[in-house]
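See below for final30.cif, which holds mmCIF, C-alpha atoms and all ligand atoms.
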```
data_target
loop_
_atom_site.label_atom_id
_atom_site.label_comp_id
_atom_site.auth_asym_id
_atom_site.auth_seq_id
_atom_site.Cartn_x
_atom_site.Cartn_y
_atom_site.Cartn_z
CA MET A 1 -6.54 -2.90 -15.56
CA ILE A 2 -2.75 -2.79 -15.33
CA ASN A 3 -1.48 0.51 -13.95
CA GLY A 4 2.10 -0.27 -12.91
CA GLU A 5 1.49 -0.59 -9.15
CA LYS A 6 3.64 -3.19 -7.48
CA LYS A 7 2.48 -6.78 -7.62
CA LEU A 8 5.64 -8.49 -6.40
CA GLU A 9 7.36 -8.09 -3.05
CA ARG A 10 10.34 -6.61 -4.89
CA PRO A 11 11.64 -6.56 -8.49
CA ILE A 12 13.43 -9.69 -9.70
CA ARG A 13 17.16 -9.20 -10.31
CA TRP A 14 17.46 -9.86 -14.01
CA ALA A 15 20.10 -10.14 -16.75
CA MET A 16 20.22 -10.62 -20.49
CA VAL A 17 22.32 -12.79 -22.76
CA GLY A 18 22.38 -11.28 -26.24
CA GLY A 19 20.03 -8.50 -27.27
CA GLY A 20 22.92 -6.07 -27.62
CA ARG A 21 23.39 -3.00 -29.77
CA GLY A 22 21.74 -3.33 -33.18
CA SER A 23 19.99 -6.60 -32.34
CA GLN A 24 16.45 -7.01 -33.56
CA ILE A 25 14.70 -8.14 -30.40
CA GLY A 26 16.83 -6.97 -27.45
CA TYR A 27 15.05 -3.66 -26.96
CA ILE A 28 11.58 -5.14 -26.78
CA HIS A 29 12.72 -7.62 -24.10
CA ARG A 30 13.98 -4.72 -22.01
CA SER A 31 10.93 -2.56 -22.66
CA ALA A 32 8.59 -5.39 -21.71
CA ALA A 33 10.48 -6.54 -18.64
CA LEU A 34 11.08 -3.07 -17.22
CA ARG A 35 7.71 -1.50 -17.96
CA ASP A 36 5.80 -2.75 -14.91
CA HIS A 37 8.74 -2.69 -12.46
CA HIS A 38 8.74 -6.47 -12.06
CA PHE A 39 12.36 -6.80 -13.17
CA GLN A 40 15.51 -4.83 -12.54
CA LEU A 41 18.28 -5.12 -15.15
CA VAL A 42 21.48 -5.56 -13.12
CA ALA A 43 23.81 -7.58 -15.36
CA GLY A 44 24.34 -8.79 -18.90
CA ALA A 45 26.44 -10.58 -21.49
CA PHE A 46 24.85 -8.65 -24.31
CA ASP A 47 27.02 -9.26 -27.30
CA ILE A 48 29.15 -11.81 -29.12
CA ILE A 49 31.81 -9.04 -29.14
CA PRO A 50 32.62 -8.55 -25.42
CA GLU A 51 33.90 -4.96 -25.64
CA ARG A 52 30.84 -3.78 -27.55
CA GLY A 53 28.61 -5.64 -25.06
CA LYS A 54 30.29 -3.97 -22.11
CA GLU A 55 30.01 -0.51 -23.57
CA PHE A 56 26.38 -1.18 -24.37
CA GLY A 57 25.65 -2.44 -20.83
CA VAL A 58 27.27 0.62 -19.27
CA ASN A 59 25.07 2.77 -21.50
CA LEU A 60 22.09 0.96 -19.97
CA HIS A 61 23.34 2.10 -16.53
CA ILE A 62 24.63 -1.32 -15.54
CA SER A 63 27.69 -1.36 -13.32
CA PRO A 64 30.79 -2.10 -15.50
CA ASP A 65 31.82 -5.08 -13.32
CA ARG A 66 28.46 -6.72 -14.10
CA CYS A 67 28.80 -6.39 -17.90
CA TYR A 68 30.31 -9.76 -18.68
CA SER A 69 32.31 -11.10 -21.61
CA ASP A 70 30.22 -14.27 -21.80
CA TYR A 71 27.24 -15.92 -20.16
CA ARG A 72 29.18 -18.67 -18.36
CA LYS A 73 31.32 -16.09 -16.60
CA MET A 74 28.18 -14.14 -15.74
CA PHE A 75 26.40 -17.14 -14.17
CA GLU A 76 29.55 -18.05 -12.23
CA GLU A 77 30.29 -14.56 -10.90
CA GLU A 78 26.69 -13.64 -10.15
CA ALA A 79 26.26 -16.85 -8.10
CA LYS A 80 28.95 -15.56 -5.73
CA ARG A 81 27.05 -12.35 -4.95
CA ALA A 82 24.42 -11.96 -2.27
CA ASP A 83 22.56 -9.71 -4.70
CA GLY A 84 23.21 -11.92 -7.75
CA ILE A 85 20.78 -12.36 -10.62
CA GLU A 86 17.66 -14.49 -10.22
CA ALA A 87 16.46 -14.58 -13.83
CA VAL A 88 17.92 -14.24 -17.29
CA SER A 89 16.53 -13.62 -20.77
CA ILE A 90 18.17 -15.29 -23.74
CA ALA A 91 18.01 -13.26 -26.97
CA THR A 92 20.83 -14.75 -29.02
CA PRO A 93 20.72 -16.63 -32.35
CA ASN A 94 18.92 -20.00 -32.25
CA ASN A 95 21.93 -22.32 -32.12
CA THR A 96 22.91 -21.04 -28.67
CA HIS A 97 19.56 -21.36 -26.87
CA TYR A 98 19.91 -24.96 -25.71
CA GLU A 99 23.34 -24.51 -24.10
CA ILE A 100 22.54 -21.15 -22.50
CA CYS A 101 19.15 -22.28 -21.20
CA LYS A 102 20.68 -25.43 -19.72
CA ALA A 103 23.50 -23.49 -18.08
CA ALA A 104 21.03 -20.96 -16.67
CA LEU A 105 18.76 -23.63 -15.18
CA ASN A 106 21.78 -25.43 -13.72
CA ALA A 107 22.78 -22.11 -12.15
CA GLY A 108 19.35 -22.04 -10.49
CA LEU A 109 18.00 -19.17 -12.58
CA HIS A 110 14.54 -18.58 -13.99
CA VAL A 111 14.70 -18.14 -17.77
CA VAL A 112 12.93 -16.25 -20.51
CA CYS A 113 14.07 -17.85 -23.75
CA GLU A 114 13.57 -16.81 -27.33
CA LYS A 115 12.03 -19.27 -29.69
CA PRO A 116 12.96 -21.82 -30.86
CA LEU A 117 13.84 -23.28 -27.48
CA CYS A 118 16.34 -25.56 -29.28
CA PHE A 119 16.70 -27.65 -32.46
CA ARG A 120 15.72 -31.20 -31.47
CA LEU A 121 12.86 -32.64 -29.47
CA GLU A 122 15.21 -34.69 -27.27
CA GLU A 123 16.94 -31.46 -26.22
CA ALA A 124 13.60 -29.76 -25.60
CA ASN A 125 12.43 -32.65 -23.41
CA GLU A 126 15.71 -32.54 -21.53
CA LEU A 127 15.27 -28.82 -20.82
CA GLU A 128 11.69 -29.40 -19.69
CA ASP A 129 12.82 -32.11 -17.27
CA LEU A 130 15.60 -29.89 -15.99
CA ALA A 131 13.25 -26.94 -15.43
CA LYS A 132 10.91 -29.21 -13.45
CA LYS A 133 13.77 -30.67 -11.42
CA LYS A 134 15.12 -27.21 -10.60
CA ASN A 135 11.60 -25.85 -10.08
CA ARG A 136 12.31 -22.89 -12.33
CA VAL A 137 10.13 -20.98 -14.78
CA VAL A 138 11.04 -20.96 -18.47
CA GLY A 139 8.97 -18.40 -20.38
CA ILE A 140 8.98 -18.33 -24.18
CA THR A 141 8.35 -15.03 -25.95
CA TYR A 142 5.49 -15.68 -28.34
CA GLY A 143 4.88 -11.96 -27.97
CA TYR A 144 1.43 -11.30 -29.36
CA SER A 145 -0.07 -14.12 -27.31
CA GLY A 146 -0.13 -11.58 -24.45
CA HIS A 147 -2.45 -9.21 -26.34
CA GLN A 148 -5.82 -8.49 -24.77
CA MET A 149 -7.76 -9.50 -27.90
CA ILE A 150 -6.14 -12.95 -27.92
CA GLU A 151 -7.49 -13.45 -24.40
CA GLN A 152 -10.89 -12.24 -25.60
CA ALA A 153 -10.82 -14.82 -28.42
CA ARG A 154 -9.87 -17.54 -25.94
CA GLN A 155 -12.82 -16.67 -23.70
CA MET A 156 -15.29 -16.47 -26.59
CA ILE A 157 -14.28 -19.90 -27.85
CA ALA A 158 -14.38 -21.40 -24.33
CA ASN A 159 -17.89 -20.00 -23.88
CA GLY A 160 -19.14 -21.64 -27.08
CA GLU A 161 -19.76 -18.43 -29.02
CA LEU A 162 -18.36 -20.01 -32.18
CA GLY A 163 -20.02 -23.41 -31.76
CA ASP A 164 -17.99 -26.51 -32.59
CA ILE A 165 -14.55 -25.62 -33.94
CA ARG A 166 -14.05 -26.81 -37.51
CA ILE A 167 -11.24 -24.86 -39.21
CA ILE A 168 -8.23 -22.80 -38.08
CA ASN A 169 -6.44 -20.76 -40.73
CA MET A 170 -3.14 -19.27 -39.62
CA GLN A 171 -0.39 -17.33 -41.28
CA PHE A 172 2.74 -15.36 -40.56
CA ALA A 173 3.75 -14.22 -44.01
CA HIS A 174 5.75 -11.03 -44.47
CA GLY A 175 7.63 -9.85 -47.54
CA PHE A 176 10.83 -8.43 -46.08
CA HIS A 177 13.09 -11.20 -47.37
CA SER A 178 11.72 -11.39 -50.91
CA ASP A 179 15.27 -10.52 -52.01
CA PRO A 180 18.47 -12.09 -50.60
CA VAL A 181 18.84 -9.35 -47.96
CA GLU A 182 21.05 -11.73 -45.97
CA CYS A 183 23.94 -10.56 -48.18
CA HIS A 184 24.05 -7.29 -46.21
CA ASN A 185 21.83 -7.88 -43.14
CA LEU A 186 23.49 -9.79 -40.28
CA SER A 187 20.19 -10.53 -38.45
CA THR A 188 18.97 -12.33 -41.58
CA LYS A 189 22.29 -13.97 -42.48
CA TRP A 190 22.25 -16.45 -39.58
CA ARG A 191 18.51 -17.14 -40.10
CA VAL A 192 19.17 -18.80 -43.47
CA ASP A 193 22.14 -20.88 -42.28
CA PRO A 194 21.15 -24.26 -40.70
CA LYS A 195 24.19 -24.12 -38.42
CA PHE A 196 22.69 -21.10 -36.63
CA ALA A 197 18.99 -21.29 -37.45
CA GLY A 198 18.38 -25.04 -37.07
CA PRO A 199 16.33 -27.32 -39.33
CA SER A 200 14.01 -24.59 -40.64
CA TYR A 201 13.79 -20.88 -41.30
CA VAL A 202 10.24 -19.54 -41.65
CA LEU A 203 8.48 -22.54 -40.06
CA GLY A 204 10.32 -21.98 -36.78
CA ASP A 205 10.92 -18.25 -37.02
CA LEU A 206 7.40 -17.29 -38.11
CA GLY A 207 4.92 -20.19 -38.24
CA THR A 208 5.32 -21.10 -34.57
CA HIS A 209 3.91 -17.68 -33.59
CA PRO A 210 0.33 -18.09 -34.95
CA LEU A 211 0.53 -21.76 -34.00
CA PHE A 212 0.95 -20.70 -30.38
CA LEU A 213 -1.95 -18.24 -30.73
CA SER A 214 -4.08 -21.24 -31.72
CA GLU A 215 -2.84 -23.15 -28.66
CA VAL A 216 -3.91 -20.24 -26.44
CA MET A 217 -7.32 -19.93 -28.08
CA LEU A 218 -7.94 -23.69 -28.26
CA PRO A 219 -6.07 -25.20 -25.34
CA GLY A 220 -7.71 -28.64 -25.60
CA MET A 221 -7.04 -29.36 -29.26
CA LYS A 222 -4.26 -31.68 -30.30
CA ILE A 223 -2.71 -32.15 -33.77
CA LYS A 224 -3.13 -35.73 -35.02
CA LYS A 225 -1.25 -35.54 -38.32
CA LEU A 226 0.16 -32.98 -40.70
CA LEU A 227 1.47 -32.42 -44.19
CA CYS A 228 4.02 -29.73 -45.02
CA THR A 229 5.60 -28.49 -48.23
CA ARG A 230 8.47 -26.00 -48.13
CA GLN A 231 10.26 -23.98 -50.79
CA SER A 232 13.41 -21.85 -51.11
CA PHE A 233 12.41 -19.18 -53.61
CA VAL A 234 15.75 -17.51 -53.02
CA LYS A 235 17.78 -20.54 -54.10
CA SER A 236 20.83 -19.83 -51.95
CA ARG A 237 18.66 -20.40 -48.84
CA ALA A 238 18.24 -24.12 -49.55
CA PRO A 239 17.94 -26.41 -47.66
CA LEU A 240 16.18 -23.86 -45.47
CA GLU A 241 12.81 -22.63 -46.68
CA ASP A 242 11.56 -19.10 -47.18
CA ASN A 243 7.98 -20.26 -47.73
CA ALA A 244 5.97 -23.21 -46.37
CA TYR A 245 2.41 -24.49 -46.16
CA THR A 246 1.33 -26.85 -43.43
CA ILE A 247 -2.05 -28.62 -43.30
CA MET A 248 -3.09 -30.21 -40.02
CA GLU A 249 -5.79 -32.58 -38.80
CA TYR A 250 -6.79 -32.35 -35.15
CA ASP A 251 -8.03 -35.07 -32.83
CA ASN A 252 -11.57 -33.60 -32.71
CA GLY A 253 -11.99 -33.67 -36.50
CA ALA A 254 -11.07 -30.02 -37.04
CA VAL A 255 -8.53 -29.02 -39.70
CA GLY A 256 -6.01 -26.19 -39.84
CA THR A 257 -3.42 -24.56 -42.05
CA VAL A 258 -0.32 -22.47 -41.36
CA TRP A 259 1.27 -20.37 -44.10
CA SER A 260 4.80 -19.36 -43.07
CA SER A 261 6.63 -17.00 -45.42
CA CYS A 262 9.16 -14.20 -45.67
CA VAL A 263 8.65 -13.76 -49.42
CA ASN A 264 5.04 -12.52 -49.34
CA ALA A 265 6.12 -9.44 -51.32
CA GLY A 266 4.44 -6.25 -50.17
CA SER A 267 3.12 -7.66 -46.89
CA MET A 268 4.25 -5.70 -43.83
CA HIS A 269 3.98 -8.34 -41.11
CA GLY A 270 1.08 -10.59 -41.90
CA GLN A 271 0.41 -12.59 -38.74
CA LYS A 272 -3.22 -13.69 -38.78
CA ILE A 273 -5.50 -16.28 -37.28
CA ARG A 274 -9.08 -17.12 -38.23
CA VAL A 275 -10.98 -19.65 -36.15
CA ILE A 276 -14.14 -20.99 -37.75
CA GLY A 277 -16.87 -22.73 -35.78
CA SER A 278 -20.25 -24.21 -36.66
CA LYS A 279 -22.02 -20.92 -35.71
CA ALA A 280 -19.49 -18.12 -36.15
CA SER A 281 -15.89 -17.16 -36.87
CA ILE A 282 -13.33 -14.84 -35.31
CA GLU A 283 -10.35 -13.28 -37.00
CA TRP A 284 -7.36 -11.41 -35.57
CA TRP A 285 -4.58 -9.72 -37.52
CA ASP A 286 -1.45 -8.22 -35.99
CA GLU A 287 -1.58 -5.17 -38.28
CA GLN A 288 -4.83 -4.18 -36.56
CA PRO A 289 -4.27 -5.84 -33.18
CA ASN A 290 -6.90 -3.85 -31.28
CA GLN A 291 -9.75 -5.26 -33.35
CA LEU A 292 -11.22 -8.75 -33.29
CA ARG A 293 -13.60 -9.56 -36.12
CA PHE A 294 -16.62 -11.59 -35.00
CA GLU A 295 -18.82 -12.95 -37.77
CA ILE A 296 -22.00 -14.83 -36.88
CA GLN A 297 -23.45 -16.72 -39.84
CA GLY A 298 -26.46 -14.82 -41.21
CA LYS A 299 -25.77 -11.59 -39.28
CA PRO A 300 -23.72 -8.46 -40.03
CA ALA A 301 -20.04 -8.79 -39.04
CA GLN A 302 -18.99 -7.11 -35.77
CA ILE A 303 -15.66 -5.54 -34.89
CA LEU A 304 -14.88 -5.92 -31.19
CA GLU A 305 -12.58 -3.16 -29.96
CA ARG A 306 -9.92 -3.44 -27.27
CA GLY A 307 -10.59 -1.76 -23.93
CA MET A 308 -14.40 -1.79 -24.21
CA GLU A 309 -16.62 -2.92 -21.37
CA TYR A 310 -18.37 -5.55 -23.46
CA LEU A 311 -15.19 -7.68 -23.49
CA TYR A 312 -14.70 -10.55 -21.07
CA GLN A 313 -13.29 -9.60 -17.68
CA GLU A 314 -10.27 -11.87 -18.30
CA ALA A 315 -9.39 -9.72 -21.33
CA LEU A 316 -10.02 -6.41 -19.58
CA GLU A 317 -7.63 -7.37 -16.79
CA ASP A 318 -4.78 -6.87 -19.30
CA ASP A 319 -5.96 -3.40 -20.30
CA ARG A 320 -3.58 -0.49 -19.75
CA ILE A 321 -5.13 2.63 -21.25
CA GLY A 322 -8.81 1.97 -21.91
CA GLY A 323 -10.55 2.21 -25.24
CA GLY A 324 -9.74 4.96 -27.73
CA HIS A 325 -5.98 4.59 -27.79
CA PRO A 326 -4.18 1.68 -29.45
CA GLU A 327 -2.14 -0.99 -27.68
CA GLY A 328 0.13 -3.33 -29.58
CA LEU A 329 3.22 -5.49 -29.50
CA PHE A 330 4.92 -3.69 -26.60
CA GLU A 331 1.93 -4.05 -24.30
CA ALA A 332 1.42 -7.68 -25.31
CA TRP A 333 5.04 -8.45 -24.45
CA SER A 334 4.75 -6.55 -21.17
CA ASN A 335 1.72 -8.63 -20.25
CA LEU A 336 3.75 -11.78 -20.83
CA TYR A 337 6.72 -10.53 -18.80
CA SER A 338 4.32 -9.62 -16.04
CA ARG A 339 3.00 -13.19 -15.97
CA PHE A 340 6.52 -14.62 -16.11
CA ALA A 341 7.41 -12.50 -13.07
CA ALA A 342 4.33 -13.61 -11.15
CA ALA A 343 5.13 -17.26 -11.89
CA MET A 344 8.76 -16.76 -10.85
CA GLU A 345 7.71 -15.23 -7.54
CA ARG A 346 5.09 -17.86 -6.81
CA GLY A 347 7.59 -20.68 -7.24
CA LYS A 348 5.81 -23.97 -7.37
CA ASP A 349 2.29 -22.64 -7.79
CA LEU A 350 2.72 -21.85 -11.45
CA ASN A 351 -0.68 -22.54 -12.89
CA GLN A 352 -2.75 -19.59 -11.72
CA THR A 353 -2.67 -17.98 -15.11
CA TRP A 354 -1.44 -19.24 -18.44
CA TYR A 355 1.71 -18.03 -20.16
CA PRO A 356 3.93 -19.49 -22.88
CA GLY A 357 6.07 -21.74 -20.71
CA ILE A 358 8.51 -24.51 -21.44
CA GLU A 359 5.77 -26.75 -22.82
CA ALA A 360 5.07 -24.08 -25.48
CA GLY A 361 8.76 -24.14 -26.34
CA VAL A 362 8.74 -27.93 -26.57
CA GLU A 363 5.62 -27.87 -28.75
CA GLY A 364 7.20 -25.37 -31.16
CA VAL A 365 10.23 -27.63 -31.59
CA ARG A 366 7.93 -30.66 -32.06
CA TRP A 367 5.84 -28.90 -34.72
CA VAL A 368 8.89 -27.79 -36.72
CA GLN A 369 10.39 -31.27 -36.52
CA ASN A 370 7.16 -32.84 -37.83
CA CYS A 371 6.85 -30.24 -40.61
CA VAL A 372 10.42 -30.83 -41.77
CA ARG A 373 9.94 -34.63 -41.67
CA SER A 374 6.83 -34.32 -43.84
CA ALA A 375 8.33 -31.81 -46.29
CA ASP A 376 11.63 -33.63 -46.72
CA ASN A 377 9.85 -36.91 -47.44
CA GLY A 378 8.03 -35.37 -50.40
CA ALA A 379 5.23 -33.46 -48.60
CA VAL A 380 3.53 -36.54 -47.20
CA TRP A 381 1.08 -36.89 -44.31
CA VAL A 382 2.92 -37.81 -41.11
CA GLU A 383 1.53 -38.87 -37.74
CA TYR A 384 2.25 -36.08 -35.26
CA GLN A 385 4.96 -37.27 -32.88
P1 LIG A 401 20.28 -10.49 -33.93
O1 LIG A 401 21.26 -11.19 -34.79
O2 LIG A 401 19.67 -9.22 -34.41
O3 LIG A 401 20.92 -10.20 -32.49
C1 LIG A 401 21.58 -11.21 -31.76
C2 LIG A 401 22.29 -10.59 -30.56
O4 LIG A 401 22.86 -11.63 -29.78
C3 LIG A 401 23.43 -9.65 -30.94
O5 LIG A 401 23.45 -8.58 -30.03
C4 LIG A 401 24.68 -10.53 -30.78
O6 LIG A 401 25.85 -9.81 -30.56
C5 LIG A 401 24.27 -11.34 -29.57
N1 LIG A 401 24.95 -12.62 -29.40
C6 LIG A 401 25.15 -13.59 -30.33
N2 LIG A 401 25.75 -14.65 -29.77
C7 LIG A 401 25.95 -14.34 -28.46
C8 LIG A 401 26.53 -15.02 -27.35
N3 LIG A 401 27.03 -16.26 -27.48
N4 LIG A 401 26.55 -14.40 -26.15
C9 LIG A 401 26.05 -13.16 -26.01
N5 LIG A 401 25.48 -12.46 -27.03
C10 LIG A 401 25.43 -13.05 -28.23
O7 LIG A 401 19.16 -11.55 -33.62
P2 LIG A 401 17.64 -11.25 -33.28
O8 LIG A 401 16.89 -11.05 -34.53
O9 LIG A 401 17.54 -10.25 -32.19
O10 LIG A 401 17.18 -12.69 -32.75
C11 LIG A 401 17.61 -13.22 -31.52
C12 LIG A 401 16.66 -14.33 -31.11
O11 LIG A 401 15.37 -13.78 -30.93
C13 LIG A 401 16.50 -15.43 -32.16
O12 LIG A 401 16.41 -16.67 -31.54
C14 LIG A 401 15.20 -15.10 -32.86
O13 LIG A 401 14.54 -16.26 -33.33
C15 LIG A 401 14.43 -14.46 -31.74
N6 LIG A 401 13.42 -13.48 -32.18
C16 LIG A 401 12.20 -13.55 -31.65
C17 LIG A 401 11.20 -12.64 -31.98
C18 LIG A 401 9.87 -12.75 -31.31
O14 LIG A 401 8.91 -12.12 -31.79
N7 LIG A 401 9.75 -13.47 -30.23
C19 LIG A 401 11.48 -11.64 -32.92
C20 LIG A 401 12.77 -11.56 -33.44
C21 LIG A 401 13.74 -12.47 -33.06
#
```

Could you express the structure from this file as structure tokens?
Amino acid sequence: MINGEKKLERPIRWAMVGGGRGSQIGYIHRSAALRDHHFQLVAGAFDIIPERGKEFGVNLHISPDRCYSDYRKMFEEEAKRADGIEAVSIATPNNTHYEICKAALNAGLHVVCEKPLCFRLEEANELEDLAKKKNRVVGITYGYSGHQMIEQARQMIANGELGDIRIINMQFAHGFHSDPVECHNLSTKWRVDPKFAGPSYVLGDLGTHPLFLSEVMLPGMKIKKLLCTRQSFVKSRAPLEDNAYTIMEYDNGAVGTVWSSCVNAGSMHGQKIRVIGSKASIEWWDEQPNQLRFEIQGKPAQILERGMEYLYQEALEDDRIGGGHPEGLFEAWSNLYSRFAAAMERGKDLNQTWYPGIEAGVEGVRWVQNCVRSADNGAVWVEYQ
């Protein structure tokens, strides 16, 4: 059970790029990083508008001289200080991730980077090589992967409770962009512009999340080929898609689908994964994250509840409050930040526990690239490269 006692020698001196006032994801980065005292927020370049970023940083109790106008200045100035930053989180629009991540690694910093890591596989491979060369951690925030019930699913599958894995159905399909909200919402505006968002919208923004859940639950399985079709129901979003279906074949004969959508009208969030084996299935849905459905063929369905003693020890280790009270996105993110911190402190010995690291970032970029190649060639099967 996690109870906030210290695990590290001392908190890691940490900064943020982006995540400023009004941003969608900045607050959850701070909540997750600061919750277990593993990080201390000492600097930031929070905003594309320097003055607003500075004011915001000061309101977070950061010393004014450490609220920087841009990330390059921050890396340069912090490197001169004996108490300079050791890690940085990147929570800016997609088009900036590659440059900022590269600059951070070159400055010798550990990184937590938002997805997508970058736009092209060559860039992703370059960042992976750089992280290895510099011996630095790059964590990617596939937030719900840190939830206790995802760990439970991973353990159940590893222990053969489902039998041979045959089918994986995944979706992240919400309805919030059924209308062209980008006309008045800045967080959505850049998401539908390839210059800022990259080669895809919902495939990268949404589909990569349940895809990573499947990688956590089924670490050995590799995609062999896939077929993707993508649509822009709001026409002005073309060439970027607001809906996509991807079908995948895995190397062990299993098949999978990912439905990525922001036009699933009426759906609140809609991230789901169902793993189907020869004996039983499990299903997890982010709108009821504390419950894992376990259905054995021929028996009544069971609902496994978070925090209960019948769960695997590996899952219970992430528990914070016991059964009876809900845990959700914030706790899942905190669990990830806690693992990032442990990996950062351990240095080379990174493999004691899993977390979404640079290889998860690379895989997300690879998957999107393959989906786009399939879709833009007329929704054809493509070998997974
Ligand atoms: P947003 O548009 O709401 O906020 C972006 C923030 O970055 C703003 O504060 C902006 O001023 C700042 N910014 C932009 N360029 C900057 C620069 N060069 N230097 C410093 N600050 C800069 O965007 P968002 O929705 O918060 O998304 C940010 C990133 O987080 C995206 O890559 C997105 O894909 C990702 N995201 C991830 C999740 C998740 O669940 N992991 C959820 C939402 C968003």

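Checking A:Trp333, A:Lys132, A:Met1, A:Leu60 one by one against ligand LIG 401 (chain A), counting only C-alpha atoms and all ligand atoms, you find the shortest gap at A:Trp333.
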
- Task: Tell me, as a PyMOL selection string, which residues lie within 10 Å of A:Thr257, counting only C-alpha atoms; anything in the same chain fewer than 2 positions away does not count.
- Result: chain A and resi 167-171+211+226-228+245-249+255+259-260+273

Residues of chain A that approach ligand LIG 401 (chain A) to 8 Å or less, counting all atoms listed in the file: could you list each one with the shortest pair of atoms and its distance in Å to one decimal, rows by chain and increasing residue number, as JSON lines?
```
{"residue": "A:Val17", "atom": "CA", "partner": "A:LIG401", "partner_atom": "C9", "distance": 5.0}
{"residue": "A:Gly18", "atom": "CA", "partner": "A:LIG401", "partner_atom": "N5", "distance": 3.4}
{"residue": "A:Gly19", "atom": "CA", "partner": "A:LIG401", "partner_atom": "O5", "distance": 4.4}
{"residue": "A:Gly20", "atom": "CA", "partner": "A:LIG401", "partner_atom": "O5", "distance": 3.5}
{"residue": "A:Arg21", "atom": "CA", "partner": "A:LIG401", "partner_atom": "O5", "distance": 5.6}
{"residue": "A:Gly22", "atom": "CA", "partner": "A:LIG401", "partner_atom": "O5", "distance": 6.4}
{"residue": "A:Ser23", "atom": "CA", "partner": "A:LIG401", "partner_atom": "O2", "distance": 3.4}
{"residue": "A:Gln24", "atom": "CA", "partner": "A:LIG401", "partner_atom": "O9", "distance": 3.7}
{"residue": "A:Ile25", "atom": "CA", "partner": "A:LIG401", "partner_atom": "O9", "distance": 4.0}
{"residue": "A:Gly26", "atom": "CA", "partner": "A:LIG401", "partner_atom": "O9", "distance": 5.8}
{"residue": "A:Ala45", "atom": "CA", "partner": "A:LIG401", "partner_atom": "C9", "distance": 5.2}
{"residue": "A:Phe46", "atom": "CA", "partner": "A:LIG401", "partner_atom": "N5", "distance": 4.7}
{"residue": "A:Asp47", "atom": "CA", "partner": "A:LIG401", "partner_atom": "O6", "distance": 3.5}
{"residue": "A:Ile48", "atom": "CA", "partner": "A:LIG401", "partner_atom": "C10", "distance": 4.0}
{"residue": "A:Ile49", "atom": "CA", "partner": "A:LIG401", "partner_atom": "O6", "distance": 6.2}
{"residue": "A:Gly53", "atom": "CA", "partner": "A:LIG401", "partner_atom": "O6", "distance": 7.4}
{"residue": "A:Ser69", "atom": "CA", "partner": "A:LIG401", "partner_atom": "C9", "distance": 7.9}
{"residue": "A:Asp70", "atom": "CA", "partner": "A:LIG401", "partner_atom": "N4", "distance": 5.7}
{"residue": "A:Tyr71", "atom": "CA", "partner": "A:LIG401", "partner_atom": "N4", "distance": 6.2}
{"residue": "A:Ile90", "atom": "CA", "partner": "A:LIG401", "partner_atom": "C12", "distance": 7.6}
{"residue": "A:Ala91", "atom": "CA", "partner": "A:LIG401", "partner_atom": "C12", "distance": 4.5}
{"residue": "A:Thr92", "atom": "CA", "partner": "A:LIG401", "partner_atom": "O4", "distance": 3.8}
{"residue": "A:Pro93", "atom": "CA", "partner": "A:LIG401", "partner_atom": "O12", "distance": 4.4}
{"residue": "A:Asn94", "atom": "CA", "partner": "A:LIG401", "partner_atom": "O12", "distance": 4.2}
{"residue": "A:Asn95", "atom": "CA", "partner": "A:LIG401", "partner_atom": "O12", "distance": 7.9}
{"residue": "A:Thr96", "atom": "CA", "partner": "A:LIG401", "partner_atom": "N3", "distance": 6.4}
{"residue": "A:His97", "atom": "CA", "partner": "A:LIG401", "partner_atom": "O12", "distance": 7.3}
{"residue": "A:Glu114", "atom": "CA", "partner": "A:LIG401", "partner_atom": "O11", "distance": 5.0}
{"residue": "A:Lys115", "atom": "CA", "partner": "A:LIG401", "partner_atom": "O13", "distance": 5.3}
{"residue": "A:Pro116", "atom": "CA", "partner": "A:LIG401", "partner_atom": "O12", "distance": 6.2}
{"residue": "A:Ile140", "atom": "CA", "partner": "A:LIG401", "partner_atom": "N7", "distance": 7.8}
{"residue": "A:Thr141", "atom": "CA", "partner": "A:LIG401", "partner_atom": "N7", "distance": 4.8}
{"residue": "A:Tyr142", "atom": "CA", "partner": "A:LIG401", "partner_atom": "N7", "distance": 5.2}
{"residue": "A:Gly143", "atom": "CA", "partner": "A:LIG401", "partner_atom": "O14", "distance": 5.6}
{"residue": "A:Tyr144", "atom": "CA", "partner": "A:LIG401", "partner_atom": "O14", "distance": 7.9}
{"residue": "A:Leu186", "atom": "CA", "partner": "A:LIG401", "partner_atom": "O1", "distance": 6.1}
{"residue": "A:Ser187", "atom": "CA", "partner": "A:LIG401", "partner_atom": "O1", "distance": 3.9}
{"residue": "A:Thr188", "atom": "CA", "partner": "A:LIG401", "partner_atom": "O1", "distance": 7.3}
{"residue": "A:Trp190", "atom": "CA", "partner": "A:LIG401", "partner_atom": "O1", "distance": 7.2}
{"residue": "A:Arg191", "atom": "CA", "partner": "A:LIG401", "partner_atom": "O13", "distance": 7.9}
{"residue": "A:Ala197", "atom": "CA", "partner": "A:LIG401", "partner_atom": "O13", "distance": 7.9}
{"residue": "A:Gly204", "atom": "CA", "partner": "A:LIG401", "partner_atom": "O13", "distance": 7.9}
{"residue": "A:Asp205", "atom": "CA", "partner": "A:LIG401", "partner_atom": "O13", "distance": 5.5}
{"residue": "A:His209", "atom": "CA", "partner": "A:LIG401", "partner_atom": "O14", "distance": 7.7}
```

- Rounded to one decimal in Å, what is the spacing between atom CA of A:Asp36 and atom CA of A:Gly139?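 According to the coordinates, atom CA of A:Asp36 and atom CA of A:Gly139 are separated by 16.9 Å.
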